[in-house]
Amino acid sequence: MLFYPQAIITVFAAIVFFLFHYYHRRRCCKKHPFFTDWPILGMTPPILSNLGQIHDYVSQVLHLHGGTGNFLGPWFTQMNYVVTCDPMNVHHIMSKNFVNYVKGPEFREIFEALGDGIFTADSDMWKYHRSLLHSLFTTKSFKSFVENTVQKKVASCLIPLLDHIERHGMEVDLQGVFNRFNFDTTCSTILGSDPKSLAADFPKVACERAFSEVGECIFYRHTVPRSIWKLQRWLGIGAEKKMVEAFKVFDQFLLENIASMKQELSKKNEENNKEEDCLLMVLMREEDGKEDVDDKFLRDTAFSLFAAGRDTITSALTWFFWLVATHPSVEAKILEEIKEQKESNKNQVYLHGALCEALRLYPPIPLDRKQAIKQDVLPSGHEVSPGCMILLSLYAMGRHEAMWGKDCWEFKPERWISERGEIIHVPSYKFFGFNAGPRTCLGKDLSFIQMKIIATSIMWNYHVHVVEDHPISPTFSIALRIRDGLKVWITKRG
Ligand code: HEM
């Protein structure tokens, strides 16, 4: 048999390269690997075989490894992560050594649809967005604008729709209802116009569909190597093709709204009209009253706020209603509290506790991601190299026995309420649902206001029953949803 010297050299070089890469990876993660690091596939096999219940699986694996460990993805994909649910690590990353942990260029690339808004920005750009939005979010007039908008939408749309569903004895996907409700109120509070996607005939509203599709494509980019989605984008196929089309539709929707708001602003300025306004209108005024605030800046801000606010509230309300419907004693206590509140305007402490408890068990954003700038050692002792990606599992944190006790898998609003009947403060690096440190969610207070209005109105008027045997499991997606929606039927309260 004849062997060509070049072929022998090539095969030999390939074997050396293979062995070198294999042992280099093993050396890198010989400390704290989660799983066996297989040639080529890395640690993906157990993840792929548990994809259906990925969050519960990751929680179990994290707890078996003391809360932190290393995950190595397939070779040459750079999908390598330090994964943690340790509150001390979270505190370190989000607050103590905040400057060392950024969203980073890869995050911005994956979320490029959001432009340069607060969600993707780092350093000075982030500081600028943060202080501007912080000042707007904390004004009394914006808070009352949001509250009034949500109240009106509940009265004019949500209650009539639920009446219609009840009258016709229909089953409905409550998650879909919240999705549409929140899309409409997010449009109203940010852009000042309501696309009316929530209606009895569940109309197809192009901008709503496009926004959801952009979100799905962004998630897809998280799940495949960068080179694959980049190639798909270059070829204009698959999820990337869908992304381009959906992006165009939603972008146009935003820019049209911005153009009409600018016209309205000049009219309002002429009339010296200072009524309560939507966020972008207030922002245009704040920016020195300029009518020519950069469209891109306004568009990126609006897109970021849609991303921050729409799916999170939908997710929180959906899981809350499922938990309440399956825990009649909690439901009875909330109803009792609503009754007292209507009579004496008492604070809704129990409802607040129940919402926190739903957010603990089902955090709307189940995973957060950070990139290290410099070498560091986490409080758990795990080493972090420059450029290292860190995944923080909010889902696993909410089910951490050491933090929440042996009953951490149970839905118990009481754990949030002190003996004096007040809400117990839990530091944000433990109750991490709204993020922690300087990048804590800016919409936290507004979210509680909105969720309480919606929960109170629905629960006071209707009894929500989950359709028997309807499957309930969380999705693997950016926002934690119920895979098959929340199928319910409703009856009027007597
Ligand atoms: C239940 C509802 C909500 C939850 C659980 C929630 C949770 C979060 C989380 C986990 C982050 C950090 C995301 C990251 O850095 O990758 C965040 C950031 C943010 N959220 Fe929320 N959010 C909610 C509602 C809202 C609403 C309604 C708004 C306003 C429209 C909002 C505005 C923001 C903003 C502006 C940021 C960026 C903060 C920064 O980077 O400095 N959120 N939120």
# chains A, B, ... in the order shown; residues from 1 in each chain; ligands from 1
$ closest_atom_pairs --of "chain A" --to "ligand 1" --cutoff "6 Å" --atoms "only C-alpha atoms and all ligand atoms" --output "tab-separated table"
residue	atom	partner	partner_atom_place_in_ligand_line	distance
A:Ile118	CA	ligand 1	40 (O)	5.5
A:Phe119	CA	ligand 1	40 (O)	5.0
A:Arg130	CA	ligand 1	41 (O)	5.5
A:Leu305	CA	ligand 1	30 (C)	4.7
A:Ala308	CA	ligand 1	31 (C)	4.6
A:Gly309	CA	ligand 1	26 (C)	3.7
A:Thr312	CA	ligand 1	2 (C)	4.5
A:Ile313	CA	ligand 1	1 (C)	4.4
A:Ala316	CA	ligand 1	1 (C)	5.3
A:Pro364	CA	ligand 1	5 (C)	5.1
A:Ile365	CA	ligand 1	10 (C)	5.4
A:Asp368	CA	ligand 1	16 (O)	5.6
A:Gly433	CA	ligand 1	5 (C)	5.2
A:Phe434	CA	ligand 1	7 (C)	3.9
A:Asn435	CA	ligand 1	10 (C)	4.4
A:Arg439	CA	ligand 1	41 (O)	3.8
A:Thr440	CA	ligand 1	38 (C)	5.7
A:Cys441	CA	ligand 1	19 (C)	3.8
A:Leu442	CA	ligand 1	33 (C)	4.5
A:Gly443	CA	ligand 1	28 (C)	3.6
A:Lys444	CA	ligand 1	24 (C)	5.7
A:Ser447	CA	ligand 1	27 (C)	4.9
$ write_last_selection --atoms "C-alpha atoms" --output "tab-separated table (two decimals), in the first residue's frame"
chain	number	residue	atom	x	y	z
A	118	ILE	CA	-29.87	51.06	28.04
A	119	PHE	CA	-30.33	47.31	27.82
A	130	ARG	CA	-29.56	55.23	33.24
A	305	LEU	CA	-38.09	49.59	27.07
A	308	ALA	CA	-37.60	45.27	29.31
A	309	GLY	CA	-41.28	45.67	30.06
A	312	THR	CA	-41.54	40.35	31.87
A	313	ILE	CA	-44.95	41.48	33.13
A	316	ALA	CA	-44.98	37.31	36.00
A	364	PRO	CA	-39.49	36.32	34.22
A	365	ILE	CA	-35.84	36.51	33.14
A	368	ASP	CA	-28.63	36.66	33.16
A	433	GLY	CA	-35.70	38.71	39.89
A	434	PHE	CA	-35.29	42.45	39.25
A	435	ASN	CA	-31.49	42.31	38.98
A	439	ARG	CA	-28.24	47.90	37.07
A	440	THR	CA	-31.31	47.06	39.14
A	441	CYS	CA	-34.50	47.10	37.07
A	442	LEU	CA	-35.83	50.63	36.66
A	443	GLY	CA	-39.38	49.41	36.22
A	444	LYS	CA	-39.71	47.45	39.48
A	447	SER	CA	-44.38	46.70	37.57
$ select_by_dssp --residues "region 14-132 of chain A" --states "helix (DSSP H, G or I)" --output "PyMOL selection string"
chain A and resi 14-28+44-49+51-64+87-96+98-100+104-110+112-114+123-132
$ write_last_selection --atoms "C-alpha atoms" --output "PDB file, in the first residue's frame"
ATOM      1  CA  ALA A  14      -4.595  16.513  13.123  1.00  0.00           C
ATOM      2  CA  ILE A  15      -4.071  13.959  15.922  1.00  0.00           C
ATOM      3  CA  VAL A  16      -1.607  16.245  17.735  1.00  0.00           C
ATOM      4  CA  PHE A  17      -3.988  19.182  17.380  1.00  0.00           C
ATOM      5  CA  PHE A  18      -6.932  17.047  18.591  1.00  0.00           C
ATOM      6  CA  LEU A  19      -4.995  15.817  21.654  1.00  0.00           C
ATOM      7  CA  PHE A  20      -3.604  19.263  22.392  1.00  0.00           C
ATOM      8  CA  HIS A  21      -7.070  20.843  22.259  1.00  0.00           C
ATOM      9  CA  TYR A  22      -8.598  18.011  24.276  1.00  0.00           C
ATOM     10  CA  TYR A  23      -6.027  18.229  27.079  1.00  0.00           C
ATOM     11  CA  HIS A  24      -5.934  22.030  27.005  1.00  0.00           C
ATOM     12  CA  ARG A  25      -9.706  22.148  27.633  1.00  0.00           C
ATOM     13  CA  ARG A  26      -9.394  19.574  30.410  1.00  0.00           C
ATOM     14  CA  ARG A  27      -6.645  21.636  32.030  1.00  0.00           C
ATOM     15  CA  CYS A  28      -8.741  24.779  31.773  1.00  0.00           C
ATOM     16  CA  THR A  44     -23.554  19.421  25.649  1.00  0.00           C
ATOM     17  CA  PRO A  45     -24.937  15.809  25.737  1.00  0.00           C
ATOM     18  CA  PRO A  46     -26.584  16.035  29.207  1.00  0.00           C
ATOM     19  CA  ILE A  47     -27.906  19.509  28.393  1.00  0.00           C
ATOM     20  CA  LEU A  48     -29.415  18.355  25.099  1.00  0.00           C
ATOM     21  CA  SER A  49     -31.049  15.341  26.693  1.00  0.00           C
ATOM     22  CA  LEU A  51     -33.675  20.441  27.199  1.00  0.00           C
ATOM     23  CA  GLY A  52     -37.366  19.830  27.958  1.00  0.00           C
ATOM     24  CA  GLN A  53     -36.911  20.724  31.631  1.00  0.00           C
ATOM     25  CA  ILE A  54     -33.679  22.653  31.358  1.00  0.00           C
ATOM     26  CA  HIS A  55     -34.201  25.112  34.242  1.00  0.00           C
ATOM     27  CA  ASP A  56     -35.012  22.418  36.798  1.00  0.00           C
ATOM     28  CA  TYR A  57     -32.125  20.304  35.530  1.00  0.00           C
ATOM     29  CA  VAL A  58     -29.625  23.205  35.749  1.00  0.00           C
ATOM     30  CA  SER A  59     -30.912  23.973  39.281  1.00  0.00           C
ATOM     31  CA  GLN A  60     -30.279  20.394  40.388  1.00  0.00           C
ATOM     32  CA  VAL A  61     -26.822  20.304  38.803  1.00  0.00           C
ATOM     33  CA  LEU A  62     -25.869  23.640  40.370  1.00  0.00           C
ATOM     34  CA  HIS A  63     -26.991  22.541  43.812  1.00  0.00           C
ATOM     35  CA  LEU A  64     -25.042  19.272  43.478  1.00  0.00           C
ATOM     36  CA  PRO A  87     -25.783  34.767  46.096  1.00  0.00           C
ATOM     37  CA  MET A  88     -22.295  35.824  47.218  1.00  0.00           C
ATOM     38  CA  ASN A  89     -21.035  35.503  43.643  1.00  0.00           C
ATOM     39  CA  VAL A  90     -24.068  37.439  42.434  1.00  0.00           C
ATOM     40  CA  HIS A  91     -23.387  40.197  44.961  1.00  0.00           C
ATOM     41  CA  HIS A  92     -19.746  40.316  43.864  1.00  0.00           C
ATOM     42  CA  ILE A  93     -20.531  40.424  40.138  1.00  0.00           C
ATOM     43  CA  MET A  94     -23.491  42.800  40.281  1.00  0.00           C
ATOM     44  CA  SER A  95     -22.292  45.198  42.991  1.00  0.00           C
ATOM     45  CA  LYS A  96     -18.910  44.803  44.660  1.00  0.00           C
ATOM     46  CA  PHE A  98     -19.492  45.868  39.155  1.00  0.00           C
ATOM     47  CA  VAL A  99     -16.908  47.616  36.938  1.00  0.00           C
ATOM     48  CA  ASN A 100     -15.325  44.289  35.996  1.00  0.00           C
ATOM     49  CA  GLY A 104     -19.943  43.106  26.514  1.00  0.00           C
ATOM     50  CA  PRO A 105     -19.649  43.181  22.706  1.00  0.00           C
ATOM     51  CA  GLU A 106     -21.073  39.681  22.152  1.00  0.00           C
ATOM     52  CA  PHE A 107     -24.233  40.556  24.059  1.00  0.00           C
ATOM     53  CA  ARG A 108     -24.612  43.713  21.953  1.00  0.00           C
ATOM     54  CA  GLU A 109     -24.141  41.688  18.794  1.00  0.00           C
ATOM     55  CA  ILE A 110     -26.820  39.156  19.764  1.00  0.00           C
ATOM     56  CA  GLU A 112     -28.270  44.241  17.918  1.00  0.00           C
ATOM     57  CA  ALA A 113     -31.955  44.879  17.149  1.00  0.00           C
ATOM     58  CA  LEU A 114     -32.146  46.890  20.363  1.00  0.00           C
ATOM     59  CA  SER A 123     -19.854  52.263  30.759  1.00  0.00           C
ATOM     60  CA  ASP A 124     -20.521  55.945  29.897  1.00  0.00           C
ATOM     61  CA  MET A 125     -23.278  55.243  27.389  1.00  0.00           C
ATOM     62  CA  TRP A 126     -25.105  53.146  30.009  1.00  0.00           C
ATOM     63  CA  LYS A 127     -24.595  55.838  32.696  1.00  0.00           C
ATOM     64  CA  TYR A 128     -26.124  58.430  30.403  1.00  0.00           C
ATOM     65  CA  HIS A 129     -29.219  56.307  29.622  1.00  0.00           C
ATOM     66  CA  ARG A 130     -29.563  55.232  33.236  1.00  0.00           C
ATOM     67  CA  SER A 131     -29.566  58.723  34.749  1.00  0.00           C
ATOM     68  CA  LEU A 132     -31.940  60.047  32.076  1.00  0.00           C
TER      69      LEU A 132
END
$ residues_around --residues "region 226-233 of chain A" --least-positions-apart "3" --cutoff "12 Å" --atoms "only C-alpha atoms" --output "MDAnalysis selection string"
chainID A and resid 76:79 106:107 109:110 217:223 236:245
$ residues_around --residues "Ser212 (chain A)" --least-positions-apart "3" --cutoff "12 Å" --atoms "only C-alpha atoms" --output "list in words"
Gly176, Asn179, Arg180, Phe183, Val205, Ala206, Cys207, Glu208, Arg209, Gly215, Glu216, Cys217, Ile218, Phe219, Lys242, Met243, Ala246, Phe247, Val249, Phe250, Phe306, Ala307, Arg310, Asp311, Ser477, Ile478 and Ala479 of chain A
$ residues_around --residues "Glu256 (chain A)" --least-positions-apart "4" --cutoff "12 Å" --atoms "only C-alpha atoms" --output "ChimeraX atom specification"
/A:191,193,207,249-252,260-263,295,298-299
$ write_last_selection --atoms "C-alpha atoms" --output "JSON list (two decimals), in the first residue's frame"
[["chain", "number", "residue", "atom", "x", "y", "z"],
["A", 191, "LEU", "CA", -45.27, 55.86, 22.51],
["A", 193, "SER", "CA", -50.66, 55.18, 21.09],
["A", 207, "CYS", "CA", -46.14, 45.13, 14.95],
["A", 249, "VAL", "CA", -41.79, 45.83, 10.49],
["A", 250, "PHE", "CA", -41.20, 46.74, 14.15],
["A", 251, "ASP", "CA", -38.60, 49.37, 13.30],
["A", 252, "GLN", "CA", -40.97, 51.05, 10.88],
["A", 260, "SER", "CA", -46.02, 61.66, 14.67],
["A", 261, "MET", "CA", -44.96, 62.35, 18.27],
["A", 262, "LYS", "CA", -42.55, 65.00, 17.08],
["A", 263, "GLN", "CA", -45.37, 66.74, 15.22],
["A", 295, "ASP", "CA", -34.59, 59.50, 15.90],
["A", 298, "LEU", "CA", -35.50, 57.62, 20.60],
["A", 299, "ARG", "CA", -35.96, 54.40, 18.66]]
$ select_by_dssp --residues "region 89-270 of chain A" --states "strand (DSSP E)" --output "PyMOL selection string"
chain A and resi 101-102+172-173
$ write_last_selection --atoms "C-alpha atoms" --output "tab-separated table (two decimals), in the first residue's frame"
chain	number	residue	atom	x	y	z
A	101	TYR	CA	-18.53	42.70	34.69
A	102	VAL	CA	-20.19	44.09	31.59
A	172	VAL	CA	-58.87	31.13	26.67
A	173	ASP	CA	-55.09	31.27	26.86
$ residues_around --residues "Gln175 (chain A)" --least-positions-apart "5" --cutoff "7 Å" --atoms "only C-alpha atoms" --output "VMD selection string"
chain A and resid 314 318 485 to 486
$ write_last_selection --atoms "all heavy atoms" --output "PDB file, in the first residue's frame"
ATOM      1  N   THR A 314     -45.892  40.037  31.397  1.00  0.00           N
ATOM      2  CA  THR A 314     -46.728  38.911  30.929  1.00  0.00           C
ATOM      3  C   THR A 314     -46.340  37.639  31.673  1.00  0.00           C
ATOM      4  O   THR A 314     -47.193  36.911  32.196  1.00  0.00           O
ATOM      5  CB  THR A 314     -46.512  38.679  29.415  1.00  0.00           C
ATOM      6  OG1 THR A 314     -46.996  39.812  28.722  1.00  0.00           O
ATOM      7  CG2 THR A 314     -47.228  37.440  28.919  1.00  0.00           C
ATOM      8  N   THR A 318     -48.710  35.569  34.341  1.00  0.00           N
ATOM      9  CA  THR A 318     -49.161  34.228  33.939  1.00  0.00           C
ATOM     10  C   THR A 318     -48.855  33.215  35.029  1.00  0.00           C
ATOM     11  O   THR A 318     -49.735  32.445  35.443  1.00  0.00           O
ATOM     12  CB  THR A 318     -48.471  33.809  32.619  1.00  0.00           C
ATOM     13  OG1 THR A 318     -48.689  34.827  31.653  1.00  0.00           O
ATOM     14  CG2 THR A 318     -49.012  32.494  32.107  1.00  0.00           C
ATOM     15  N   GLY A 485     -49.000  27.782  26.924  1.00  0.00           N
ATOM     16  CA  GLY A 485     -49.897  28.841  27.362  1.00  0.00           C
ATOM     17  C   GLY A 485     -50.637  28.442  28.635  1.00  0.00           C
ATOM     18  O   GLY A 485     -50.423  27.344  29.174  1.00  0.00           O
ATOM     19  N   LEU A 486     -51.490  29.339  29.128  1.00  0.00           N
ATOM     20  CA  LEU A 486     -52.268  29.031  30.341  1.00  0.00           C
ATOM     21  C   LEU A 486     -53.744  28.974  29.950  1.00  0.00           C
ATOM     22  O   LEU A 486     -54.435  30.000  29.899  1.00  0.00           O
ATOM     23  CB  LEU A 486     -52.017  30.098  31.422  1.00  0.00           C
ATOM     24  CG  LEU A 486     -52.768  29.905  32.739  1.00  0.00           C
ATOM     25  CD1 LEU A 486     -52.432  28.573  33.392  1.00  0.00           C
ATOM     26  CD2 LEU A 486     -52.450  31.043  33.716  1.00  0.00           C
TER      27      LEU A 486
END
$ closest_residue --among "A:Cys85, A:Ala302, A:Phe202, A:Val282" --to "Gly398 (chain A)" --atoms "only C-alpha atoms"
A:Cys85
